[in-house]
$ cat structure-v2.cif   # mmCIF, C-alpha atoms
data_work
loop_
_atom_site.label_atom_id
_atom_site.label_comp_id
_atom_site.auth_asym_id
_atom_site.auth_seq_id
_atom_site.Cartn_x
_atom_site.Cartn_y
_atom_site.Cartn_z
CA MET A 1 75.45 154.81 25.37
CA VAL A 2 77.38 154.91 28.64
CA PRO A 3 80.36 157.33 28.79
CA GLY A 4 78.58 160.66 28.15
CA PRO A 5 75.47 159.85 30.20
CA LEU A 6 77.50 158.51 33.13
CA ALA A 7 80.01 161.37 33.10
CA SER A 8 77.20 163.92 33.14
CA LEU A 9 75.39 161.95 35.88
CA ILE A 10 78.46 162.24 38.11
CA LEU A 11 78.41 166.01 37.57
CA ALA A 12 74.68 166.04 38.33
CA GLU A 13 75.32 164.11 41.54
CA ALA A 14 77.60 166.96 42.60
CA GLY A 15 74.99 169.62 41.83
CA ALA A 16 75.27 170.41 38.14
CA ARG A 17 72.12 171.00 36.13
CA VAL A 18 72.30 168.67 33.13
CA ILE A 19 70.35 169.23 29.92
CA LYS A 20 70.31 166.09 27.78
CA VAL A 21 69.83 166.62 24.05
CA GLU A 22 68.01 163.78 22.30
CA ARG A 23 66.70 163.46 18.78
CA PRO A 24 62.95 163.37 18.14
CA PRO A 25 60.65 161.56 18.06
CA ALA A 26 61.93 158.49 19.98
CA GLY A 27 64.92 160.03 21.77
CA ASP A 28 67.94 158.10 23.02
CA ASP A 29 68.19 154.53 21.66
CA LEU A 30 68.93 153.39 25.21
CA ARG A 31 65.30 154.04 26.14
CA GLY A 32 64.28 150.92 24.21
CA TYR A 33 66.64 148.46 25.92
CA GLU A 34 65.35 145.68 28.16
CA PRO A 35 64.48 145.31 30.98
CA LYS A 36 62.16 148.28 31.33
CA ILE A 37 60.57 150.27 34.12
CA GLY A 38 57.46 151.83 32.68
CA GLN A 39 58.12 153.03 29.14
CA ASP A 40 61.89 153.27 29.34
CA SER A 41 64.76 150.89 30.07
CA VAL A 42 66.30 150.44 33.49
CA HIS A 43 69.61 151.53 31.94
CA TYR A 44 68.12 154.83 30.81
CA HIS A 45 66.59 155.51 34.23
CA THR A 46 69.87 154.63 35.96
CA LEU A 47 72.11 156.87 33.85
CA ASN A 48 69.79 159.84 33.32
CA ARG A 49 68.11 160.51 36.63
CA SER A 50 67.51 164.18 37.44
CA LYS A 51 68.41 165.41 33.96
CA SER A 52 66.25 167.70 31.84
CA LEU A 53 65.42 166.85 28.24
CA LEU A 54 65.77 168.93 25.10
CA LEU A 55 64.37 167.18 22.03
CA VAL A 56 66.17 168.64 19.02
CA ASP A 57 66.84 167.48 15.48
CA LEU A 58 70.37 168.79 15.07
CA LYS A 59 70.21 168.18 11.32
CA ASP A 60 67.41 170.72 11.04
CA GLU A 61 68.86 174.25 11.10
CA THR A 62 65.74 175.85 12.53
CA ASP A 63 65.43 173.24 15.25
CA ARG A 64 69.14 173.41 15.99
CA ARG A 65 68.88 177.11 16.87
CA ARG A 66 66.88 176.09 19.94
CA VAL A 67 70.12 174.76 21.44
CA GLU A 68 71.98 178.07 21.15
CA PRO A 69 70.46 179.83 24.19
CA TRP A 70 71.64 176.92 26.29
CA LEU A 71 75.10 176.97 24.75
CA LYS A 72 75.48 180.66 25.51
CA ARG A 73 75.04 180.09 29.24
CA ALA A 74 76.48 176.58 29.64
CA ASP A 75 79.61 175.82 31.64
CA ILE A 76 80.27 172.47 29.98
CA LEU A 77 79.34 170.71 26.77
CA ILE A 78 79.92 166.96 26.45
CA ASP A 79 80.08 165.83 22.83
CA GLN A 80 79.98 162.08 22.22
CA TYR A 81 79.75 162.04 18.43
CA ARG A 82 82.59 160.86 16.25
CA PRO A 83 85.13 163.56 15.29
CA GLY A 84 83.74 166.23 12.99
CA VAL A 85 80.04 165.44 13.42
CA LEU A 86 79.07 168.42 15.59
CA GLU A 87 81.30 170.69 13.52
CA GLY A 88 79.47 169.55 10.41
CA LEU A 89 76.19 170.39 12.14
CA GLY A 90 77.41 173.91 12.89
CA LEU A 91 78.13 173.28 16.57
CA GLY A 92 81.90 172.73 16.54
CA TYR A 93 84.17 174.15 19.21
CA ASP A 94 85.13 177.29 17.29
CA TYR A 95 81.51 178.29 16.81
CA VAL A 96 80.43 177.48 20.37
CA ARG A 97 83.44 179.35 21.74
CA SER A 98 82.47 182.39 19.64
CA ILE A 99 79.14 182.63 21.47
CA ASN A 100 80.48 181.47 24.84
CA PRO A 101 84.24 182.04 25.39
CA GLY A 102 84.13 180.33 28.78
CA ILE A 103 82.72 177.03 27.53
CA ILE A 104 84.47 173.80 28.52
CA TYR A 105 83.89 171.68 25.43
CA CYS A 106 84.66 168.00 26.10
CA SER A 107 84.71 165.61 23.14
CA LEU A 108 84.53 162.12 24.59
CA THR A 109 85.24 159.56 21.87
CA GLY A 110 86.64 156.09 21.43
CA TRP A 111 89.85 156.88 19.59
CA GLY A 112 90.25 160.64 19.94
CA GLN A 113 90.08 163.46 17.41
CA THR A 114 93.19 162.45 15.47
CA GLY A 115 94.87 159.28 14.24
CA PRO A 116 93.93 156.60 11.70
CA LYS A 117 91.25 155.04 13.95
CA ALA A 118 89.46 158.31 14.76
CA GLN A 119 86.38 157.44 12.70
CA LYS A 120 86.28 153.74 13.54
CA ALA A 121 83.14 152.37 15.22
CA ALA A 122 83.80 150.46 18.43
CA HIS A 123 82.43 149.43 21.81
CA ASP A 124 84.03 148.54 25.12
CA LEU A 125 85.19 145.08 24.07
CA ASN A 126 86.88 146.49 20.96
CA PHE A 127 88.90 149.00 22.99
CA LEU A 128 90.01 146.28 25.40
CA ALA A 129 90.91 144.04 22.48
CA GLU A 130 92.95 146.66 20.62
CA SER A 131 94.68 148.08 23.71
CA GLY A 132 96.43 144.81 24.56
CA HIS A 133 94.47 144.22 27.77
CA LEU A 134 92.22 141.43 26.55
CA ASP A 135 95.19 139.39 25.38
CA LEU A 136 96.69 139.21 28.87
CA THR A 137 93.95 137.23 30.62
CA CYS A 138 92.74 133.81 29.58
CA GLY A 139 90.42 130.98 30.53
CA ALA A 140 91.23 127.33 31.11
CA ASP A 141 91.55 126.77 27.34
CA GLY A 142 94.16 129.53 27.03
CA ALA A 143 91.87 131.85 25.04
CA PRO A 144 90.98 135.42 26.07
CA VAL A 145 87.82 135.72 28.18
CA LEU A 146 84.93 138.18 28.00
CA PRO A 147 85.29 140.74 30.83
CA PRO A 148 82.17 141.24 33.00
CA LEU A 149 82.51 145.02 33.33
CA LEU A 150 82.73 148.01 30.99
CA ALA A 151 86.26 148.88 32.02
CA ALA A 152 87.03 150.80 28.83
CA ASP A 153 83.91 152.98 28.85
CA ILE A 154 84.03 153.83 32.54
CA ALA A 155 87.69 153.63 33.60
CA GLY A 156 89.10 154.67 30.22
CA GLY A 157 86.45 157.24 29.28
CA VAL A 158 84.15 158.49 32.04
CA TYR A 159 86.72 159.04 34.77
CA PRO A 160 89.34 160.77 32.55
CA ALA A 161 86.56 162.99 31.19
CA ILE A 162 85.45 164.02 34.70
CA ILE A 163 89.04 164.61 35.83
CA ASN A 164 89.79 166.86 32.86
CA ILE A 165 86.46 168.70 33.00
CA LEU A 166 87.10 169.57 36.64
CA LEU A 167 90.70 170.58 35.90
CA ALA A 168 89.40 172.83 33.11
CA PHE A 169 86.80 174.25 35.48
CA ILE A 170 89.50 175.14 38.03
CA GLN A 171 91.61 176.68 35.26
CA ARG A 172 88.65 178.77 34.14
CA GLN A 173 88.12 179.99 37.69
CA ILE A 174 91.68 181.35 37.55
CA THR A 175 91.89 182.60 33.94
CA GLY A 176 88.26 183.12 32.96
CA ILE A 177 88.97 181.20 29.75
CA GLY A 178 87.31 177.98 28.64
CA THR A 179 89.00 175.17 26.75
CA TYR A 180 88.60 172.21 24.41
CA LEU A 181 89.16 168.68 25.73
CA ASP A 182 89.98 165.72 23.50
CA VAL A 183 89.29 162.67 25.70
CA ALA A 184 89.83 159.25 24.11
CA ILE A 185 88.80 155.97 25.72
CA SER A 186 91.71 154.23 24.01
CA ASP A 187 94.17 156.72 25.55
CA GLY A 188 92.70 156.24 29.02
CA LEU A 189 93.18 152.48 28.86
CA MET A 190 96.92 152.79 28.36
CA THR A 191 97.29 153.99 31.97
CA PHE A 192 96.34 150.49 33.06
CA HIS A 193 99.52 149.13 31.50
CA TYR A 194 101.45 150.90 34.28
CA ASP A 195 103.17 147.65 35.26
CA THR A 196 104.11 146.49 31.77
CA LEU A 197 104.93 149.55 29.64
CA VAL A 198 108.37 150.36 31.02
CA PRO A 199 109.60 146.74 31.02
CA ALA A 200 108.28 146.36 27.47
CA PHE A 201 109.69 149.59 26.00
CA ALA A 202 112.93 149.83 27.96
CA LEU A 203 113.86 146.18 28.46
CA GLY A 204 112.03 144.34 25.71
CA LEU A 205 110.12 142.31 28.30
CA TRP A 206 106.68 141.96 26.76
CA PRO A 207 103.89 140.54 28.95
CA ARG A 208 102.77 136.96 28.30
CA ARG A 209 99.14 135.90 28.31
CA GLY A 210 98.17 134.31 31.62
CA ARG A 211 101.74 134.24 32.88
CA GLU A 212 102.31 137.56 34.64
CA LEU A 213 101.87 138.43 38.31
CA VAL A 214 98.21 139.50 38.10
CA THR A 215 97.12 137.45 35.08
CA GLY A 216 97.62 133.90 36.34
CA GLY A 217 101.37 133.37 36.42
CA SER A 218 101.79 133.55 40.20
CA PRO A 219 100.47 131.24 42.93
CA ARG A 220 100.14 134.35 45.11
CA TYR A 221 97.54 135.97 42.82
CA GLN A 222 95.23 133.22 41.69
CA LEU A 223 91.76 131.68 41.71
CA TYR A 224 91.44 128.26 43.33
CA CYS A 225 88.39 125.96 43.31
CA ALA A 226 87.05 124.73 46.66
CA ALA A 227 85.39 121.37 47.27
CA ASP A 228 81.88 122.74 46.63
CA GLY A 229 82.78 124.26 43.25
CA ARG A 230 83.04 127.83 44.50
CA HIS A 231 86.30 129.72 44.17
CA VAL A 232 88.79 131.28 46.53
CA ALA A 233 90.42 134.49 45.26
CA VAL A 234 93.97 134.73 46.59
CA ALA A 235 95.93 138.01 46.38
CA ALA A 236 98.65 137.29 48.95
CA MET A 237 101.40 139.10 47.07
CA GLU A 238 103.47 140.50 49.95
CA ASP A 239 105.49 138.04 51.99
CA LYS A 240 103.58 138.69 55.22
CA PHE A 241 100.25 137.83 53.55
CA TRP A 242 101.79 134.92 51.65
CA ASN A 243 103.24 133.38 54.81
CA ASN A 244 99.92 133.77 56.63
CA PHE A 245 98.10 132.18 53.71
CA CYS A 246 100.55 129.27 53.53
CA ASP A 247 100.13 128.66 57.25
CA MET A 248 96.34 128.74 56.90
CA ILE A 249 96.20 126.11 54.16
CA GLY A 250 99.08 124.03 55.52
CA LEU A 251 101.41 124.44 52.55
CA ALA A 252 104.70 122.62 53.06
CA GLU A 253 107.86 124.72 53.35
CA ALA A 254 109.27 123.39 50.09
CA TRP A 255 106.40 124.94 48.14
CA ARG A 256 106.74 128.37 49.77
CA ASP A 257 110.15 129.12 48.29
CA ARG A 258 110.12 131.68 45.46
CA ARG A 259 112.46 129.39 43.54
CA ALA A 260 109.86 126.63 43.37
CA PRO A 261 108.26 126.34 39.88
CA ALA A 262 105.16 128.54 39.89
CA GLY A 263 103.06 126.02 38.00
CA ASP A 264 103.85 123.26 40.49
CA VAL A 265 103.06 125.52 43.45
CA ILE A 266 99.75 126.49 41.90
CA CYS A 267 98.85 122.82 41.45
CA GLU A 268 99.74 122.00 45.07
CA ILE A 269 97.69 124.93 46.43
CA ALA A 270 94.79 123.93 44.18
CA ARG A 271 94.94 120.42 45.66
CA LEU A 272 94.80 121.77 49.20
CA ILE A 273 92.01 124.29 48.53
CA ALA A 274 89.94 121.52 46.90
CA LEU A 275 89.95 119.56 50.17
CA ARG A 276 87.57 121.97 51.91
CA SER A 277 84.37 123.82 51.06
CA SER A 278 84.11 127.56 50.54
CA ASP A 279 82.29 127.92 53.87
CA GLU A 280 85.13 126.11 55.62
CA TRP A 281 87.67 128.39 53.95
CA ARG A 282 85.61 131.45 54.86
CA GLN A 283 85.75 130.41 58.50
CA ALA A 284 89.47 129.69 58.25
CA MET A 285 90.13 133.18 56.83
CA GLU A 286 88.21 134.95 59.61
CA GLY A 287 90.46 137.30 61.52
CA LYS A 288 93.57 136.43 59.51
CA ASP A 289 95.62 138.77 57.31
CA VAL A 290 95.67 136.56 54.23
CA CYS A 291 94.24 138.75 51.44
CA CYS A 292 91.79 136.02 50.43
CA SER A 293 88.12 136.11 49.52
CA ILE A 294 85.36 133.77 48.46
CA VAL A 295 84.15 134.80 45.00
CA ALA A 296 80.73 136.31 45.69
CA THR A 297 77.65 136.47 43.53
CA LEU A 298 76.18 139.92 42.90
CA GLU A 299 73.31 139.10 45.27
CA GLU A 300 75.79 138.21 48.00
CA ALA A 301 77.82 141.37 47.36
CA LEU A 302 74.75 143.62 47.61
CA ASN A 303 73.69 141.97 50.86
CA ASP A 304 77.16 141.98 52.38
CA PRO A 305 77.08 143.61 55.84
CA HIS A 306 79.90 145.93 54.78
CA THR A 307 77.99 147.11 51.69
CA ARG A 308 74.95 147.75 53.87
CA ALA A 309 77.03 149.54 56.50
CA ARG A 310 78.43 151.87 53.84
CA GLY A 311 74.89 152.83 52.81
CA LEU A 312 75.62 152.48 49.10
CA PHE A 313 72.00 151.79 48.19
CA GLU A 314 70.16 153.93 50.70
CA ARG A 315 69.34 156.65 48.17
CA GLN A 316 66.28 156.11 46.00
CA VAL A 317 65.01 157.60 42.75
CA MET A 318 61.26 157.97 42.29
CA THR A 319 59.93 157.05 38.85
CA LYS A 320 56.33 156.85 37.64
CA ALA A 321 56.62 153.09 38.09
CA GLY A 322 57.94 153.33 41.66
CA ALA A 323 61.22 153.73 43.50
CA ILE A 324 64.51 152.35 42.19
CA PRO A 325 67.94 152.47 43.86
CA ALA A 326 70.22 155.29 42.79
CA LEU A 327 73.42 154.08 41.16
CA PRO A 328 76.29 154.60 43.65
CA LEU A 329 78.70 157.14 42.20
CA PRO A 330 82.26 158.11 43.21
CA VAL A 331 81.15 161.42 44.71
CA ALA A 332 81.92 162.05 48.38
CA ARG A 333 78.88 162.44 50.64
CA GLN A 334 79.52 166.11 51.32
CA PHE A 335 79.31 166.91 47.59
CA ARG A 336 76.14 164.95 46.80
CA ASN A 337 73.05 166.88 45.83
CA ASP A 338 69.65 165.36 46.59
CA ALA A 339 68.24 167.12 43.54
CA ALA A 340 70.10 164.47 41.55
CA LEU A 341 67.59 161.90 42.81
CA GLY A 342 64.89 163.16 40.45
CA ALA A 343 63.47 160.86 37.80
CA ALA A 344 64.92 160.55 34.32
CA PRO A 345 63.18 162.77 31.74
CA ASP A 346 60.09 161.40 30.04
CA ILE A 347 60.17 161.53 26.25
CA ALA A 348 56.94 163.53 26.38
CA GLY A 349 58.44 166.05 28.77
CA SER A 350 58.44 169.74 27.95
CA THR A 351 61.47 171.82 27.02
CA PRO A 352 63.21 173.00 30.21
CA GLY A 353 63.15 176.71 31.00
CA LEU A 354 66.32 178.75 30.78
#
$ encode --input "structure-v2.cif" --output "structure tokens"
Amino acid sequence: MVPGPLASLILAEAGARVIKVERPPAGDDLRGYEPKIGQDSVHYHTLNRSKSLLLVDLKDETDRRRVEPWLKRADILIDQYRPGVLEGLGLGYDYVRSINPGIIYCSLTGWGQTGPKAQKAAHDLNFLAESGHLDLTCGADGAPVLPPLLAADIAGGVYPAIINILLAFIQRQITGIGTYLDVAISDGLMTFHYDTLVPAFALGLWPRRGRELVTGGSPRYQLYCAADGRHVAVAAMEDKFWNNFCDMIGLAEAWRDRRAPAGDVICEIARLIALRSSDEWRQAMEGKDVCCSIVATLEEALNDPHTRARGLFERQVMTKAGAIPALPLPVARQFRNDAALGAAPDIAGSTPGL
């Protein structure tokens, strides 16, 4: 529901014309999700702005032929079915390459085209669970916690897909030859073990839940509760930030020593942070290099002066039900195309012209 649509939206933001193939009569399942703007969900509008729609029943051979003129002239095809599905429908890489040798055919799947899990159904939480990431963070009860963002879909799937599509596009500019890309969300997540893989494989030092540097084991990288119940996020890892932070909260010298038991230091800092409100800590942080933040709500983050100054939500998409903000995408301003601010395709829309 997310990786293919978001990857193609990023390409659209940079000027690509995107033709989205949906099955008749209802189209993409995402259209029916709540909340809605008009007939379709907010999610659908957000991920599919500016795209054109091609309603095709790929299981019907006659209907499927309507896709071929597009395939013959396409630069890129993003396939998000499980391995073998498009091949079984007559649209596998070998066939598409036979009618368009320059095609960049990107299969974006959960587990990749090979391996014992290739056909296994999964969503973002499953990939995080089976990649070892979910086990490393825990709540107060010591159990893993539900992450609030689709890290697997976007960081493990969308971004690797875009990187490899663009690399393939550069290669084609040089060689004139297209290629096949096997992009697996599960593969992409392994990059995020950059700090634990070598110690684990080479030294037998396996990470422990809630006890490593960035998962709760260090007083320098920790969440502390203020007097009003809000939290202070501390990431004072380097000595210069740590010393500034300790000075700010008035931590005694004995607790600043790296040899002091981490758990005891965390408890002492928690005691000190709990003495003052989040507003008081915000004022105390002002102008100091302490790498600390007050945990913000989404509403606060969107109204932050810095967010506004960056103009992240200045661009608008016009729908039949009115204007909505365009999702900020990691595309530099000079590459953005205002044509990508068009509305998402209506299910009753006509077939786009070649």
$ closest_residue --input "structure-v2.cif" --among "A:Ala155, A:Ala270, A:Leu166, A:Ala233" --to "Ala184 in chain A" --atoms "all atoms listed in the file"
A:Ala155
$ resolve_selection --input "structure-v2.cif" --expression "the PyMOL selection byres ((chain A and resi 102) around 8)" --output "list in words"
Asp75, Arg97, Asn100, Pro101, Ile103, Ile104, Arg172, Gly176, Ile177, Gly178 and Thr179 of chain A
$ write_last_selection --input "structure-v2.cif" --atoms "C-alpha atoms" --output "compact mmCIF listing (two decimals), in the coordinates of the input"
# COMPACT_ATOMS: atom_id res chain seq x y z
CA ASP A 75 79.61 175.82 31.64
CA ARG A 97 83.44 179.35 21.74
CA ASN A 100 80.48 181.47 24.84
CA PRO A 101 84.24 182.04 25.39
CA ILE A 103 82.72 177.03 27.53
CA ILE A 104 84.47 173.80 28.52
CA ARG A 172 88.65 178.77 34.14
CA GLY A 176 88.26 183.12 32.96
CA ILE A 177 88.97 181.20 29.75
CA GLY A 178 87.31 177.98 28.64
CA THR A 179 89.00 175.17 26.75
$ atom_distance --input "structure-v2.cif" --atom1 "CA of Phe192 in chain A" --atom2 "CA of Asp135 in chain A"
13.5 Å
$ closest_residue --input "structure-v2.cif" --among "A:Lys20, A:Arg315, A:Lys120, A:Arg211" --to "Gly4 in chain A" --atoms "all atoms listed in the file"
A:Lys20
$ resolve_selection --input "structure-v2.cif" --expression "the PyMOL selection byres ((chain A and resi 28) around 12)" --output "PyMOL selection string"
chain A and resi 1-2+5+20-27+29-33+40-41+43-45+47-48+53-56+344-347
$ resolve_selection --input "structure-v2.cif" --expression "the PyMOL selection byres ((chain A and resi 131) around 10)" --output "ChimeraX atom specification"
/A:125-130,132-135,152,186-190,192-193
$ write_last_selection --input "structure-v2.cif" --atoms "C-alpha atoms" --output "mmCIF file, keeping the file's coordinate frame"
data_model
loop_
_atom_site.group_PDB
_atom_site.id
_atom_site.type_symbol
_atom_site.label_atom_id
_atom_site.label_comp_id
_atom_site.auth_asym_id
_atom_site.auth_seq_id
_atom_site.Cartn_x
_atom_site.Cartn_y
_atom_site.Cartn_z
ATOM 1 C CA LEU A 125 85.190 145.080 24.070
ATOM 2 C CA ASN A 126 86.880 146.490 20.960
ATOM 3 C CA PHE A 127 88.900 149.000 22.990
ATOM 4 C CA LEU A 128 90.010 146.280 25.400
ATOM 5 C CA ALA A 129 90.910 144.040 22.480
ATOM 6 C CA GLU A 130 92.950 146.660 20.620
ATOM 7 C CA GLY A 132 96.430 144.810 24.560
ATOM 8 C CA HIS A 133 94.470 144.220 27.770
ATOM 9 C CA LEU A 134 92.220 141.430 26.550
ATOM 10 C CA ASP A 135 95.190 139.390 25.380
ATOM 11 C CA ALA A 152 87.030 150.800 28.830
ATOM 12 C CA SER A 186 91.710 154.230 24.010
ATOM 13 C CA ASP A 187 94.170 156.720 25.550
ATOM 14 C CA GLY A 188 92.700 156.240 29.020
ATOM 15 C CA LEU A 189 93.180 152.480 28.860
ATOM 16 C CA MET A 190 96.920 152.790 28.360
ATOM 17 C CA PHE A 192 96.340 150.490 33.060
ATOM 18 C CA HIS A 193 99.520 149.130 31.500
#
$ atom_distance --input "structure-v2.cif" --atom1 "CA of Asn303 in chain A" --atom2 "CA of Arg230 in chain A"
18.1 Å
$ residues_around --input "structure-v2.cif" --residues "Gly263 in chain A" --least-positions-apart "3" --cutoff "10 Å" --atoms "all atoms listed in the file" --output "list in words"
Arg211, Gly216, Gly217, Ser218, Pro219, Ala260, Ile266, Cys267 and Glu268 of chain A
$ atom_distance --input "structure-v2.cif" --atom1 "CA of Ala343 in chain A" --atom2 "CA of Val67 in chain A"
22.5 Å
$ closest_residue --input "structure-v2.cif" --among "A:Ile185, A:Leu9, A:Gln171, A:Tyr95" --to "Asp124 in chain A" --atoms "only C-alpha atoms"
A:Ile185
$ residues_around --input "structure-v2.cif" --residues "Leu275 in chain A" --least-positions-apart "6" --cutoff "10 Å" --atoms "only C-alpha atoms" --output "count of residues only"
6
$ closest_residue --input "structure-v2.cif" --among "A:Leu6, A:Leu11, A:Ala296, A:Ala301" --to "Ser278 in chain A" --atoms "all atoms listed in the file"
A:Ala296
$ closest_residue --input "structure-v2.cif" --among "A:Pro325, A:Pro148, A:Val96, A:Met237" --to "Phe313 in chain A" --atoms "only C-alpha atoms"
A:Pro325
$ residues_around --input "structure-v2.cif" --residues "Val331 in chain A" --least-positions-apart "3" --cutoff "7 Å" --atoms "all atoms listed in the file" --output "number ranges by chain"
A: 14, 335-336
$ axis_aligned_box --input "structure-v2.cif" --around "range 315-330 of chain A" --padding-each-side "4 Å" --output "lines of an AutoDock Vina configuration file"
center_x = 69.3
center_y = 155.2
center_z = 42.9
size_x = 33.9
size_y = 13.8
size_z = 18.5
$ decode --input "structure-v2.cif" --residues "range 313-351 of chain A" --atoms "C-alpha atoms" --output "tab-separated table (two decimals), in the first residue's frame"
chain	number	residue	atom	x	y	z
A	313	PHE	CA	3.97	22.62	3.84
A	314	GLU	CA	3.73	25.58	1.50
A	315	ARG	CA	2.84	23.45	-1.53
A	316	GLN	CA	-0.81	22.52	-1.95
A	317	VAL	CA	-2.68	19.90	-3.96
A	318	MET	CA	-6.12	20.78	-5.30
A	319	THR	CA	-8.75	18.06	-5.01
A	320	LYS	CA	-12.46	18.19	-5.82
A	321	ALA	CA	-13.04	18.58	-2.08
A	322	GLY	CA	-10.55	21.45	-1.71
A	323	ALA	CA	-6.86	22.01	-1.12
A	324	ILE	CA	-4.71	19.64	0.94
A	325	PRO	CA	-1.01	19.99	1.82
A	326	ALA	CA	1.42	18.13	-0.42
A	327	LEU	CA	3.42	15.50	1.43
A	328	PRO	CA	7.00	16.81	1.84
A	329	LEU	CA	9.35	14.55	-0.11
A	330	PRO	CA	13.16	14.23	-0.07
A	331	VAL	CA	13.55	15.97	-3.43
A	332	ALA	CA	15.67	19.13	-3.55
A	333	ARG	CA	13.81	22.30	-4.51
A	334	GLN	CA	15.59	22.65	-7.84
A	335	PHE	CA	14.33	19.23	-8.96
A	336	ARG	CA	10.68	19.64	-7.92
A	337	ASN	CA	8.07	19.79	-10.65
A	338	ASP	CA	4.87	21.73	-9.97
A	339	ALA	CA	3.01	19.35	-12.27
A	340	ALA	CA	3.30	16.88	-9.40
A	341	LEU	CA	0.80	18.98	-7.45
A	342	GLY	CA	-2.11	17.70	-9.53
A	343	ALA	CA	-4.92	15.76	-7.88
A	344	ALA	CA	-4.89	12.00	-7.49
A	345	PRO	CA	-6.76	10.17	-10.27
A	346	ASP	CA	-10.50	9.69	-9.85
A	347	ILE	CA	-11.69	6.11	-10.26
A	348	ALA	CA	-14.04	7.34	-12.99
A	349	GLY	CA	-11.19	9.01	-14.86
A	350	SER	CA	-10.51	8.18	-18.48
A	351	THR	CA	-7.55	6.21	-19.80
